[in-house]
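Undergrad: Data file protein-v8.pdb (PDB, C-alpha atoms) is appended below.
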ATOM      1  CA  MET A   1     107.455  67.808 132.073
ATOM      2  CA  THR A   2     104.754  69.957 130.593
ATOM      3  CA  VAL A   3     105.140  72.595 127.936
ATOM      4  CA  ASP A   4     105.438  76.105 129.341
ATOM      5  CA  ALA A   5     104.695  78.288 126.317
ATOM      6  CA  ASP A   6     104.579  81.463 128.431
ATOM      7  CA  ALA A   7     108.096  80.971 129.758
ATOM      8  CA  PHE A   8     109.302  80.004 126.293
ATOM      9  CA  LEU A   9     107.849  83.163 124.723
ATOM     10  CA  THR A  10     109.288  85.473 127.365
ATOM     11  CA  ASP A  11     112.703  83.901 126.880
ATOM     12  CA  TRP A  12     112.408  83.770 123.067
ATOM     13  CA  HIS A  13     111.546  87.475 122.789
ATOM     14  CA  ARG A  14     114.527  88.348 125.005
ATOM     15  CA  ILE A  15     116.833  86.098 122.941
ATOM     16  CA  VAL A  16     115.753  87.742 119.683
ATOM     17  CA  ALA A  17     115.946  91.291 121.103
ATOM     18  CA  GLU A  18     119.440  90.703 122.524
ATOM     19  CA  LYS A  19     120.605  88.412 119.685
ATOM     20  CA  ASP A  20     121.657  86.015 122.440
ATOM     21  CA  ARG A  21     123.275  83.136 120.545
ATOM     22  CA  ASP A  22     123.862  80.950 123.606
ATOM     23  CA  GLY A  23     120.310  81.488 124.806
ATOM     24  CA  LEU A  24     119.048  80.586 121.332
ATOM     25  CA  ARG A  25     121.026  77.348 121.343
ATOM     26  CA  ALA A  26     119.620  76.356 124.730
ATOM     27  CA  ARG A  27     116.072  76.736 123.350
ATOM     28  CA  LEU A  28     116.638  74.324 120.443
ATOM     29  CA  ALA A  29     115.984  70.605 120.791
ATOM     30  CA  GLU A  30     118.901  68.392 119.784
ATOM     31  CA  HIS A  31     117.096  67.096 116.693
ATOM     32  CA  VAL A  32     115.303  70.362 115.869
ATOM     33  CA  SER A  33     114.144  70.710 112.259
ATOM     34  CA  LEU A  34     113.729  73.947 110.324
ATOM     35  CA  GLY A  35     111.677  74.671 107.213
ATOM     36  CA  ALA A  36     113.396  77.725 105.694
ATOM     37  CA  PRO A  37     111.513  80.124 103.377
ATOM     38  CA  PRO A  38     113.357  79.251 100.139
ATOM     39  CA  TYR A  39     113.460  75.451 100.382
ATOM     40  CA  TRP A  40     111.095  72.546 100.873
ATOM     41  CA  THR A  41     113.606  70.101 102.378
ATOM     42  CA  LYS A  42     114.071  70.721 106.092
ATOM     43  CA  LEU A  43     117.379  71.406 107.787
ATOM     44  CA  GLU A  44     117.973  69.195 110.818
ATOM     45  CA  GLY A  45     120.065  69.214 113.953
ATOM     46  CA  ARG A  46     120.871  71.835 116.569
ATOM     47  CA  ASP A  47     124.200  73.024 115.102
ATOM     48  CA  VAL A  48     122.835  73.653 111.615
ATOM     49  CA  VAL A  49     119.579  75.261 112.727
ATOM     50  CA  HIS A  50     121.354  77.401 115.335
ATOM     51  CA  HIS A  51     123.784  78.689 112.720
ATOM     52  CA  LEU A  52     121.049  79.459 110.191
ATOM     53  CA  LEU A  53     118.803  81.239 112.708
ATOM     54  CA  GLY A  54     121.767  83.373 113.778
ATOM     55  CA  LEU A  55     122.380  84.360 110.139
ATOM     56  CA  ILE A  56     118.687  85.200 109.650
ATOM     57  CA  LEU A  57     118.673  87.421 112.765
ATOM     58  CA  ASP A  58     121.863  89.118 111.562
ATOM     59  CA  THR A  59     120.500  89.698 108.067
ATOM     60  CA  ILE A  60     116.943  90.931 108.715
ATOM     61  CA  GLU A  61     117.153  94.550 109.876
ATOM     62  CA  GLY A  62     114.570  95.992 112.241
ATOM     63  CA  PHE A  63     113.300  92.514 113.156
ATOM     64  CA  THR A  64     110.194  92.920 115.375
ATOM     65  CA  TYR A  65     107.461  90.518 116.387
ATOM     66  CA  HIS A  66     103.806  91.528 115.932
ATOM     67  CA  ARG A  67     100.755  89.274 116.223
ATOM     68  CA  GLU A  68     101.177  86.157 118.297
ATOM     69  CA  TRP A  69      99.082  83.010 118.526
ATOM     70  CA  ARG A  70      99.429  79.973 120.733
ATOM     71  CA  GLU A  71      97.595  76.662 120.945
ATOM     72  CA  GLY A  72      99.255  74.390 123.492
ATOM     73  CA  ALA A  73     102.723  73.546 122.179
ATOM     74  CA  GLU A  74     102.020  75.111 118.760
ATOM     75  CA  LEU A  75     102.921  78.784 118.327
ATOM     76  CA  ALA A  76     102.609  81.238 115.442
ATOM     77  CA  LEU A  77     104.657  84.448 115.728
ATOM     78  CA  GLU A  78     104.338  87.129 113.064
ATOM     79  CA  PHE A  79     107.371  89.310 112.395
ATOM     80  CA  ARG A  80     108.308  92.284 110.226
ATOM     81  CA  GLY A  81     111.650  93.615 109.086
ATOM     82  CA  ARG A  82     113.754  94.570 106.072
ATOM     83  CA  VAL A  83     116.436  93.064 103.874
ATOM     84  CA  GLY A  84     118.236  96.008 102.326
ATOM     85  CA  GLU A  85     115.505  98.198 100.839
ATOM     86  CA  LEU A  86     112.875  95.456 100.907
ATOM     87  CA  GLU A  87     110.230  95.303 103.604
ATOM     88  CA  LEU A  88     109.119  91.846 104.625
ATOM     89  CA  GLN A  89     106.480  90.073 106.679
ATOM     90  CA  GLY A  90     107.021  86.599 108.046
ATOM     91  CA  ILE A  91     105.769  84.041 110.502
ATOM     92  CA  ASP A  92     107.520  81.540 112.730
ATOM     93  CA  LEU A  93     105.436  78.376 113.169
ATOM     94  CA  ILE A  94     106.954  76.718 116.213
ATOM     95  CA  THR A  95     106.322  73.307 117.757
ATOM     96  CA  LEU A  96     107.711  72.962 121.296
ATOM     97  CA  ASP A  97     108.856  69.674 122.769
ATOM     98  CA  GLU A  98     107.996  68.537 126.304
ATOM     99  CA  ARG A  99     110.964  70.506 127.638
ATOM    100  CA  SER A 100     109.661  73.716 126.002
ATOM    101  CA  ARG A 101     112.403  73.751 123.421
ATOM    102  CA  VAL A 102     111.906  74.223 119.672
ATOM    103  CA  ALA A 103     111.301  70.814 118.065
ATOM    104  CA  ASN A 104     110.286  72.241 114.680
ATOM    105  CA  LEU A 105     110.270  75.749 113.229
ATOM    106  CA  ASP A 106     108.813  76.626 109.824
ATOM    107  CA  VAL A 107     109.545  80.139 108.571
ATOM    108  CA  LEU A 108     107.206  81.554 105.924
ATOM    109  CA  MET A 109     107.739  84.994 104.390
ATOM    110  CA  ARG A 110     106.482  87.440 101.788
ATOM    111  CA  PRO A 111     107.187  89.018  99.360
ATOM    112  CA  ALA A 112     109.136  86.695  97.036
ATOM    113  CA  ALA A 113     111.776  89.387  96.388
ATOM    114  CA  ALA A 114     112.637  89.533 100.101
ATOM    115  CA  ILE A 115     113.007  85.731 100.251
ATOM    116  CA  ALA A 116     115.369  85.906  97.258
ATOM    117  CA  ALA A 117     117.373  88.759  98.825
ATOM    118  CA  LEU A 118     117.673  86.857 102.112
ATOM    119  CA  ARG A 119     118.801  83.716 100.290
ATOM    120  CA  GLU A 120     121.353  85.760  98.324
ATOM    121  CA  VAL A 121     123.045  86.815 101.568
ATOM    122  CA  ILE A 122     122.630  83.636 103.601
ATOM    123  CA  ALA A 123     123.113  80.755 101.126
ATOM    124  CA  PRO A 124     126.876  81.399 100.585
ATOM    125  CA  LYS A 125     127.390  81.624 104.354
ATOM    126  CA  MET A 126     125.539  78.338 104.927
ATOM    127  CA  MET A 127     127.646  76.740 102.160
ATOM    128  CA  ALA A 128     130.818  77.911 103.946
ATOM    129  CA  PHE A 129     129.425  76.519 107.223
ATOM    130  CA  PHE A 130     128.701  73.109 105.679
ATOM    131  CA  ALA A 131     132.099  73.059 103.909
ATOM    132  CA  ALA A 132     133.900  73.777 107.199
ATOM    133  CA  ARG A 133     131.967  70.950 108.908
ATOM    134  CA  GLU A 134     132.844  68.527 106.112
ATOM    135  CA  LYS A 135     136.496  69.492 106.425
ATOM    136  CA  ALA A 136     136.432  69.032 110.214
ATOM    137  CA  ASP A 137     134.750  65.621 109.768
ATOM    138  CA  GLY A 138     137.335  64.698 107.112
ATOM    139  CA  GLY A 139     140.155  65.738 109.439
ATOM    140  CA  ARG A 140     138.738  63.625 112.261
ATOM    141  CA  ALA A 141     138.205  60.665 109.937
ATOM    142  CA  GLY A 142     141.802  60.983 108.707
ATOM    143  CA  GLY A 143     143.140  61.083 112.260
ATOM    144  CA  THR A 144     141.587  57.823 113.375
TER     145      THR A 144
ATOM    146  CA  MET B   1      77.906  93.302 116.247
ATOM    147  CA  THR B   2      80.635  91.145 117.718
ATOM    148  CA  VAL B   3      83.065  88.981 115.843
ATOM    149  CA  ASP B   4      82.023  85.327 115.655
ATOM    150  CA  ALA B   5      85.238  83.557 114.702
ATOM    151  CA  ASP B   6      83.685  80.111 115.243
ATOM    152  CA  ALA B   7      80.898  80.744 112.749
ATOM    153  CA  PHE B   8      83.376  82.308 110.338
ATOM    154  CA  LEU B   9      85.710  79.292 110.500
ATOM    155  CA  THR B  10      82.918  76.757 110.013
ATOM    156  CA  ASP B  11      81.714  78.701 106.983
ATOM    157  CA  TRP B  12      85.235  79.348 105.639
ATOM    158  CA  HIS B  13      86.184  75.665 105.741
ATOM    159  CA  ARG B  14      82.972  74.766 103.907
ATOM    160  CA  ILE B  15      83.592  77.495 101.293
ATOM    161  CA  VAL B  16      87.130  76.252 100.619
ATOM    162  CA  ALA B  17      86.100  72.574 100.537
ATOM    163  CA  GLU B  18      83.228  73.256  98.114
ATOM    164  CA  LYS B  19      85.042  76.038  96.203
ATOM    165  CA  ASP B  20      81.880  78.082  96.791
ATOM    166  CA  ARG B  21      82.597  81.338  94.949
ATOM    167  CA  ASP B  22      79.409  83.101  96.070
ATOM    168  CA  GLY B  23      79.952  82.085  99.675
ATOM    169  CA  LEU B  24      83.534  83.341  99.445
ATOM    170  CA  ARG B  25      82.350  86.708  98.154
ATOM    171  CA  ALA B  26      79.863  87.083 101.007
ATOM    172  CA  ARG B  27      82.690  86.574 103.522
ATOM    173  CA  LEU B  28      84.818  89.422 102.129
ATOM    174  CA  ALA B  29      84.448  92.993 103.415
ATOM    175  CA  GLU B  30      83.841  95.587 100.693
ATOM    176  CA  HIS B  31      87.284  97.144 101.187
ATOM    177  CA  VAL B  32      89.120  93.884 101.947
ATOM    178  CA  SER B  33      92.885  93.974 101.384
ATOM    179  CA  LEU B  34      95.091  91.023 100.452
ATOM    180  CA  GLY B  35      98.850  90.581 100.839
ATOM    181  CA  ALA B  36      99.721  87.955  98.214
ATOM    182  CA  PRO B  37     102.834  85.757  98.538
ATOM    183  CA  PRO B  38     104.837  87.273  95.648
ATOM    184  CA  TYR B  39     104.215  90.981  96.224
ATOM    185  CA  TRP B  40     104.566  93.560  98.972
ATOM    186  CA  THR B  41     101.864  95.973  97.743
ATOM    187  CA  LYS B  42      98.421  94.852  98.815
ATOM    188  CA  LEU B  43      95.492  94.254  96.497
ATOM    189  CA  GLU B  44      92.324  96.017  97.591
ATOM    190  CA  GLY B  45      88.598  95.740  97.063
ATOM    191  CA  ARG B  46      86.160  92.837  97.064
ATOM    192  CA  ASP B  47      86.093  92.203  93.295
ATOM    193  CA  VAL B  48      89.863  91.977  92.917
ATOM    194  CA  VAL B  49      90.460  89.916  96.068
ATOM    195  CA  HIS B  50      87.562  87.584  95.282
ATOM    196  CA  HIS B  51      88.940  86.919  91.811
ATOM    197  CA  LEU B  52      92.475  86.290  93.063
ATOM    198  CA  LEU B  53      91.385  83.958  95.876
ATOM    199  CA  GLY B  54      89.316  81.990  93.368
ATOM    200  CA  LEU B  55      92.381  81.602  91.131
ATOM    201  CA  ILE B  56      94.528  80.507  94.081
ATOM    202  CA  LEU B  57      91.975  77.875  95.102
ATOM    203  CA  ASP B  58      91.782  76.654  91.486
ATOM    204  CA  THR B  59      95.562  76.474  91.122
ATOM    205  CA  ILE B  60      96.664  74.841  94.386
ATOM    206  CA  GLU B  61      95.885  71.130  94.170
ATOM    207  CA  GLY B  62      95.039  69.124  97.282
ATOM    208  CA  PHE B  63      94.480  72.293  99.315
ATOM    209  CA  THR B  64      93.923  71.279 102.955
ATOM    210  CA  TYR B  65      93.996  73.245 106.207
ATOM    211  CA  HIS B  66      96.122  71.980 109.096
ATOM    212  CA  ARG B  67      97.013  73.874 112.290
ATOM    213  CA  GLU B  68      94.673  76.675 113.251
ATOM    214  CA  TRP B  69      95.113  79.550 115.680
ATOM    215  CA  ARG B  70      92.712  82.265 116.768
ATOM    216  CA  GLU B  71      93.027  85.292 118.983
ATOM    217  CA  GLY B  72      89.813  87.315 118.930
ATOM    218  CA  ALA B  73      89.365  88.668 115.408
ATOM    219  CA  GLU B  74      92.857  87.557 114.341
ATOM    220  CA  LEU B  75      93.189  84.090 112.804
ATOM    221  CA  ALA B  76      96.126  82.068 111.486
ATOM    222  CA  LEU B  77      95.267  79.053 109.307
ATOM    223  CA  GLU B  78      98.037  76.774 108.054
ATOM    224  CA  PHE B  79      97.495  75.012 104.737
ATOM    225  CA  ARG B  80      99.271  72.492 102.532
ATOM    226  CA  GLY B  81      98.924  71.656  98.871
ATOM    227  CA  ARG B  82     100.763  71.349  95.554
ATOM    228  CA  VAL B  83     101.409  73.411  92.458
ATOM    229  CA  GLY B  84     102.280  70.905  89.739
ATOM    230  CA  GLU B  85     105.013  68.710  91.228
ATOM    231  CA  LEU B  86     105.862  71.159  94.007
ATOM    232  CA  GLU B  87     104.609  70.671  97.545
ATOM    233  CA  LEU B  88     103.872  73.823  99.479
ATOM    234  CA  GLN B  89     103.040  75.013 102.969
ATOM    235  CA  GLY B  90     101.264  78.297 103.587
ATOM    236  CA  ILE B  91      99.394  80.327 106.127
ATOM    237  CA  ASP B  92      96.394  82.612 105.891
ATOM    238  CA  LEU B  93      96.637  85.472 108.408
ATOM    239  CA  ILE B  94      93.090  86.803 108.601
ATOM    240  CA  THR B  95      91.680  89.881 110.339
ATOM    241  CA  LEU B  96      87.897  89.823 110.657
ATOM    242  CA  ASP B  97      85.760  92.962 110.758
ATOM    243  CA  GLU B  98      82.892  93.478 113.216
ATOM    244  CA  ARG B  99      80.555  91.620 110.835
ATOM    245  CA  SER B 100      82.890  88.579 110.827
ATOM    246  CA  ARG B 101      83.977  89.183 107.258
ATOM    247  CA  VAL B 102      87.593  89.206 106.031
ATOM    248  CA  ALA B 103      88.982  92.750 106.385
ATOM    249  CA  ASN B 104      92.579  91.744 105.638
ATOM    250  CA  LEU B 105      94.202  88.505 104.514
ATOM    251  CA  ASP B 106      97.965  88.009 104.229
ATOM    252  CA  VAL B 107      99.082  84.792 102.521
ATOM    253  CA  LEU B 108     102.618  83.579 103.270
ATOM    254  CA  MET B 109     104.073  80.475 101.632
ATOM    255  CA  ARG B 110     107.161  78.331 101.285
ATOM    256  CA  PRO B 111     109.162  77.199  99.375
ATOM    257  CA  ALA B 112     110.155  80.015  96.986
ATOM    258  CA  ALA B 113     109.816  77.718  93.953
ATOM    259  CA  ALA B 114     106.138  77.089  94.754
ATOM    260  CA  ILE B 115     105.486  80.845  95.052
ATOM    261  CA  ALA B 116     107.126  81.336  91.639
ATOM    262  CA  ALA B 117     105.106  78.483  90.103
ATOM    263  CA  LEU B 118     101.865  79.891  91.510
ATOM    264  CA  ARG B 119     102.699  83.357  90.195
ATOM    265  CA  GLU B 120     103.511  81.870  86.783
ATOM    266  CA  VAL B 121      99.963  80.504  86.497
ATOM    267  CA  ILE B 122      98.033  83.299  88.211
ATOM    268  CA  ALA B 123      99.761  86.555  87.142
ATOM    269  CA  PRO B 124      98.639  86.346  83.477
ATOM    270  CA  LYS B 125      95.069  85.604  84.574
ATOM    271  CA  MET B 126      95.062  88.588  86.952
ATOM    272  CA  MET B 127      96.451  90.769  84.150
ATOM    273  CA  ALA B 128      93.566  89.641  81.916
ATOM    274  CA  PHE B 129      91.126  90.389  84.751
ATOM    275  CA  PHE B 130      92.502  93.918  85.240
ATOM    276  CA  ALA B 131      92.574  94.546  81.476
ATOM    277  CA  ALA B 132      88.907  93.506  81.170
ATOM    278  CA  ARG B 133      87.977  95.844  84.042
ATOM    279  CA  GLU B 134      89.851  98.742  82.409
ATOM    280  CA  LYS B 135      88.045  98.061  79.156
ATOM    281  CA  ALA B 136      84.680  97.942  80.913
ATOM    282  CA  ASP B 137      85.467 101.214  82.716
ATOM    283  CA  GLY B 138      86.612 102.766  79.411
ATOM    284  CA  GLY B 139      83.376 101.603  77.740
ATOM    285  CA  ARG B 140      81.285 103.123  80.504
ATOM    286  CA  ALA B 141      83.303 106.364  80.416
ATOM    287  CA  GLY B 142      82.848 106.516  76.624
ATOM    288  CA  GLY B 143      79.098 105.986  76.936
ATOM    289  CA  THR B 144      78.475 108.913  79.277
TER     290      THR B 144
END
Here is a file; write its structure as structure tokens.
TA:
Amino acid sequence: MTVDADAFLTDWHRIVAEKDRDGLRARLAEHVSLGAPPYWTKLEGRDVVHHLLGLILDTIEGFTYHREWREGAELALEFRGRVGELELQGIDLITLDERSRVANLDVLMRPAAAIAALREVIAPKMMAFFAAREKADGGRAGGT
Amino acid sequence: MTVDADAFLTDWHRIVAEKDRDGLRARLAEHVSLGAPPYWTKLEGRDVVHHLLGLILDTIEGFTYHREWREGAELALEFRGRVGELELQGIDLITLDERSRVANLDVLMRPAAAIAALREVIAPKMMAFFAAREKADGGRAGGT
């Protein structure tokens, strides 16, 4: 297959506008990696990345895309929004795989205060997500 | 005049590689604005932006450009580097004016710790720069 960035972008904009969680999941490669604004270490795997992106979309108010660049399978999508009182500017740097799904997504943002505010809201929810997964894994391990 | 992004990029890469302060200055519009990673409020004017960009280039070790996107007068240039022990990834979002000079530059970076480390080094130096300008202005005002 060849990368169809046009189709991806049309679908991606619709997914973000409608907060379509299932559509979002379908656009993530199984081993997708995500570089989140606060951390250097990447998050990996469709479940984790899908959950985090959902939290980000829920937390940033007035999320809108602005400038857009594409170069083959490499995309750069500028966005604006707010966390509480704080305005923010960010960019999604996306690498598509050969099936036009997100293989890697790095999210860069400014200002620092908005990154901190976003982390404040999202980090506890990601911790709860990881804890629930651990528990489910533990339960399965105990049952075998 | 028309924007010549190719010529700009060739020159810009040379300027960054050689840390050519005079060349950098010549590529900034008089009323250039800069959105720095830590702050929301933009810095404005060639002197201020030139000084800050020089400090950034001095402080980030191993500064290298990676992916590059262009769309007319709008450019997105990904970079990597280090501040002390911390690796960082950033992007320069550049708007060129009709003379192919930087009219606006937004710098977004991750992770948050690298933004904090960069601010730690640069903020005191920018304060000293602003204080010296104030003093110079005060001296001139006193002399007239």
Undergrad: Both chains have the same sequence, so match all Cα atoms in order, fit chain A onto chain B by least squares, and return it as an mmCIF file with C-alpha atoms, keeping the file's coordinate frame.
TA:
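Below is the file that was written, superposed13.cif:
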data_model
loop_
_atom_site.group_PDB
_atom_site.id
_atom_site.type_symbol
_atom_site.label_atom_id
_atom_site.label_comp_id
_atom_site.auth_asym_id
_atom_site.auth_seq_id
_atom_site.Cartn_x
_atom_site.Cartn_y
_atom_site.Cartn_z
ATOM 1 C CA MET A 1 77.910 93.281 116.260
ATOM 2 C CA THR A 2 80.627 91.138 117.719
ATOM 3 C CA VAL A 3 83.070 88.969 115.849
ATOM 4 C CA ASP A 4 82.012 85.331 115.669
ATOM 5 C CA ALA A 5 85.240 83.562 114.716
ATOM 6 C CA ASP A 6 83.702 80.112 115.258
ATOM 7 C CA ALA A 7 80.914 80.720 112.763
ATOM 8 C CA PHE A 8 83.377 82.295 110.346
ATOM 9 C CA LEU A 9 85.715 79.285 110.505
ATOM 10 C CA THR A 10 82.937 76.750 110.014
ATOM 11 C CA ASP A 11 81.708 78.681 106.992
ATOM 12 C CA TRP A 12 85.226 79.348 105.641
ATOM 13 C CA HIS A 13 86.200 75.662 105.746
ATOM 14 C CA ARG A 14 82.984 74.745 103.909
ATOM 15 C CA ILE A 15 83.592 77.477 101.300
ATOM 16 C CA VAL A 16 87.128 76.242 100.626
ATOM 17 C CA ALA A 17 86.106 72.554 100.540
ATOM 18 C CA GLU A 18 83.235 73.242 98.120
ATOM 19 C CA LYS A 19 85.036 76.024 96.202
ATOM 20 C CA ASP A 20 81.891 78.073 96.797
ATOM 21 C CA ARG A 21 82.594 81.336 94.965
ATOM 22 C CA ASP A 22 79.402 83.089 96.074
ATOM 23 C CA GLY A 23 79.958 82.057 99.676
ATOM 24 C CA LEU A 24 83.531 83.345 99.446
ATOM 25 C CA ARG A 25 82.342 86.713 98.163
ATOM 26 C CA ALA A 26 79.855 87.060 101.013
ATOM 27 C CA ARG A 27 82.694 86.566 103.529
ATOM 28 C CA LEU A 28 84.810 89.424 102.134
ATOM 29 C CA ALA A 29 84.444 92.975 103.412
ATOM 30 C CA GLU A 30 83.842 95.569 100.705
ATOM 31 C CA HIS A 31 87.277 97.139 101.181
ATOM 32 C CA VAL A 32 89.111 93.881 101.947
ATOM 33 C CA SER A 33 92.875 93.967 101.383
ATOM 34 C CA LEU A 34 95.085 91.028 100.448
ATOM 35 C CA GLY A 35 98.836 90.589 100.839
ATOM 36 C CA ALA A 36 99.711 87.963 98.207
ATOM 37 C CA PRO A 37 102.835 85.772 98.541
ATOM 38 C CA PRO A 38 104.822 87.280 95.638
ATOM 39 C CA TYR A 39 104.207 90.995 96.209
ATOM 40 C CA TRP A 40 104.548 93.568 98.954
ATOM 41 C CA THR A 41 101.865 95.981 97.720
ATOM 42 C CA LYS A 42 98.406 94.863 98.805
ATOM 43 C CA LEU A 43 95.491 94.239 96.481
ATOM 44 C CA GLU A 44 92.320 96.022 97.574
ATOM 45 C CA GLY A 45 88.600 95.729 97.049
ATOM 46 C CA ARG A 46 86.154 92.834 97.066
ATOM 47 C CA ASP A 47 86.096 92.184 93.295
ATOM 48 C CA VAL A 48 89.868 91.957 92.926
ATOM 49 C CA VAL A 49 90.471 89.912 96.069
ATOM 50 C CA HIS A 50 87.557 87.580 95.289
ATOM 51 C CA HIS A 51 88.930 86.920 91.813
ATOM 52 C CA LEU A 52 92.469 86.287 93.055
ATOM 53 C CA LEU A 53 91.388 83.957 95.874
ATOM 54 C CA GLY A 54 89.317 81.967 93.376
ATOM 55 C CA LEU A 55 92.381 81.590 91.126
ATOM 56 C CA ILE A 56 94.533 80.499 94.086
ATOM 57 C CA LEU A 57 91.969 77.849 95.106
ATOM 58 C CA ASP A 58 91.784 76.647 91.497
ATOM 59 C CA THR A 59 95.558 76.469 91.130
ATOM 60 C CA ILE A 60 96.673 74.834 94.398
ATOM 61 C CA GLU A 61 95.882 71.118 94.177
ATOM 62 C CA GLY A 62 95.053 69.112 97.281
ATOM 63 C CA PHE A 63 94.478 72.286 99.316
ATOM 64 C CA THR A 64 93.915 71.274 102.976
ATOM 65 C CA TYR A 65 94.002 73.241 106.199
ATOM 66 C CA HIS A 66 96.123 71.980 109.115
ATOM 67 C CA ARG A 67 97.007 73.879 112.291
ATOM 68 C CA GLU A 68 94.681 76.680 113.261
ATOM 69 C CA TRP A 69 95.114 79.554 115.689
ATOM 70 C CA ARG A 70 92.710 82.249 116.771
ATOM 71 C CA GLU A 71 93.027 85.311 118.984
ATOM 72 C CA GLY A 72 89.809 87.323 118.929
ATOM 73 C CA ALA A 73 89.362 88.665 115.398
ATOM 74 C CA GLU A 74 92.867 87.566 114.331
ATOM 75 C CA LEU A 75 93.195 84.095 112.802
ATOM 76 C CA ALA A 76 96.134 82.077 111.484
ATOM 77 C CA LEU A 77 95.269 79.060 109.309
ATOM 78 C CA GLU A 78 98.034 76.786 108.058
ATOM 79 C CA PHE A 79 97.488 75.013 104.747
ATOM 80 C CA ARG A 80 99.282 72.491 102.546
ATOM 81 C CA GLY A 81 98.940 71.654 98.882
ATOM 82 C CA ARG A 82 100.782 71.351 95.575
ATOM 83 C CA VAL A 83 101.412 73.404 92.463
ATOM 84 C CA GLY A 84 102.267 70.899 89.763
ATOM 85 C CA GLU A 85 105.008 68.713 91.239
ATOM 86 C CA LEU A 86 105.859 71.164 94.016
ATOM 87 C CA GLU A 87 104.613 70.674 97.552
ATOM 88 C CA LEU A 88 103.875 73.826 99.488
ATOM 89 C CA GLN A 89 103.049 75.027 102.981
ATOM 90 C CA GLY A 90 101.268 78.295 103.595
ATOM 91 C CA ILE A 91 99.396 80.336 106.139
ATOM 92 C CA ASP A 92 96.401 82.629 105.899
ATOM 93 C CA LEU A 93 96.640 85.490 108.410
ATOM 94 C CA ILE A 94 93.099 86.810 108.604
ATOM 95 C CA THR A 95 91.686 89.883 110.330
ATOM 96 C CA LEU A 96 87.883 89.825 110.658
ATOM 97 C CA ASP A 97 85.756 92.949 110.752
ATOM 98 C CA GLU A 98 82.881 93.467 113.200
ATOM 99 C CA ARG A 99 80.558 91.601 110.836
ATOM 100 C CA SER A 100 82.893 88.563 110.825
ATOM 101 C CA ARG A 101 83.981 89.161 107.269
ATOM 102 C CA VAL A 102 87.587 89.206 106.037
ATOM 103 C CA ALA A 103 88.971 92.746 106.389
ATOM 104 C CA ASN A 104 92.571 91.750 105.635
ATOM 105 C CA LEU A 105 94.198 88.508 104.512
ATOM 106 C CA ASP A 106 97.961 88.016 104.224
ATOM 107 C CA VAL A 107 99.080 84.809 102.518
ATOM 108 C CA LEU A 108 102.608 83.594 103.262
ATOM 109 C CA MET A 109 104.059 80.482 101.624
ATOM 110 C CA ARG A 110 107.164 78.344 101.271
ATOM 111 C CA PRO A 111 109.162 77.214 99.371
ATOM 112 C CA ALA A 112 110.153 80.024 96.979
ATOM 113 C CA ALA A 113 109.810 77.709 93.952
ATOM 114 C CA ALA A 114 106.132 77.094 94.753
ATOM 115 C CA ILE A 115 105.480 80.850 95.046
ATOM 116 C CA ALA A 116 107.117 81.336 91.632
ATOM 117 C CA ALA A 117 105.096 78.477 90.098
ATOM 118 C CA LEU A 118 101.857 79.891 91.518
ATOM 119 C CA ARG A 119 102.688 83.356 90.193
ATOM 120 C CA GLU A 120 103.499 81.867 86.775
ATOM 121 C CA VAL A 121 99.955 80.502 86.501
ATOM 122 C CA ILE A 122 98.031 83.294 88.209
ATOM 123 C CA ALA A 123 99.755 86.541 87.142
ATOM 124 C CA PRO A 124 98.628 86.330 83.460
ATOM 125 C CA LYS A 125 95.061 85.597 84.583
ATOM 126 C CA MET A 126 95.066 88.580 86.962
ATOM 127 C CA MET A 127 96.449 90.755 84.133
ATOM 128 C CA ALA A 128 93.559 89.627 81.898
ATOM 129 C CA PHE A 129 91.126 90.385 84.748
ATOM 130 C CA PHE A 130 92.507 93.906 85.233
ATOM 131 C CA ALA A 131 92.573 94.527 81.453
ATOM 132 C CA ALA A 132 88.908 93.497 81.151
ATOM 133 C CA ARG A 133 87.979 95.852 84.021
ATOM 134 C CA GLU A 134 89.857 98.732 82.398
ATOM 135 C CA LYS A 135 88.048 98.068 79.134
ATOM 136 C CA ALA A 136 84.656 97.954 80.882
ATOM 137 C CA ASP A 137 85.482 101.226 82.691
ATOM 138 C CA GLY A 138 86.617 102.764 79.385
ATOM 139 C CA GLY A 139 83.389 101.652 77.714
ATOM 140 C CA ARG A 140 81.305 103.186 80.497
ATOM 141 C CA ALA A 141 83.338 106.396 80.412
ATOM 142 C CA GLY A 142 82.869 106.593 76.631
ATOM 143 C CA GLY A 143 79.117 106.090 76.945
ATOM 144 C CA THR A 144 78.509 108.994 79.286
#
Undergrad: Return as a PyMOL selection string the set of residues that the PyMOL selection byres ((chain B) within 10 of (chain A)) yields on the displayed structure.
TA: chain B and resi 35-41+67-71+74-78+86-91+93+106-116+119
Undergrad: What is the atom CA of Val83 of chain B-atom CA of Ala128 of chain B distance in Å, reported with one decimal?
TA: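 Here the two named atoms are 20.9 Å from each other.
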Undergrad: What is the distance, in Å and to one decimal place, between atom CA of Ala132 of chain B and atom CA of Gly84 of chain B?
TA: 27.6 Å
Undergrad: When you look at segment 18-22 of chain A with a cut-off of 12 Å (counting only C-alpha atoms), what residues show up, excluding the ones that are within fewer than 2 positions of it in the same chain? I need them as a PyMOL selection string.
TA: chain A and resi 11-16+24-28+46-47+49-60+63-64
Undergrad: Nearest residue to Thr2 of chain A out of A:Gly62, A:Gly138, A:Gly23, A:Gly72, using all atoms listed in the file?
TA: A:Gly72
Undergrad: When you draw a straight line from atom CA of Asn104 of chain B to atom CA of Glu85 of chain A, how long is it in Å?
TA: 24.3 Å
Undergrad: What's the 7 Å shell around Glu44 of chain A, counting all atoms listed in the file, without same-chain residues fewer than 4 positions away, as a PDB file with C-alpha atoms, in the coordinates of the input?
TA:
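Saved file part.pdb follows:
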ATOM      1  CA  HIS A  31     117.096  67.096 116.693  1.00  0.00           C
ATOM      2  CA  VAL A  32     115.303  70.362 115.869  1.00  0.00           C
ATOM      3  CA  SER A  33     114.144  70.710 112.259  1.00  0.00           C
ATOM      4  CA  LEU A  34     113.729  73.947 110.324  1.00  0.00           C
ATOM      5  CA  VAL A  48     122.835  73.653 111.615  1.00  0.00           C
ATOM      6  CA  VAL A  49     119.579  75.261 112.727  1.00  0.00           C
TER       7      VAL A  49
END
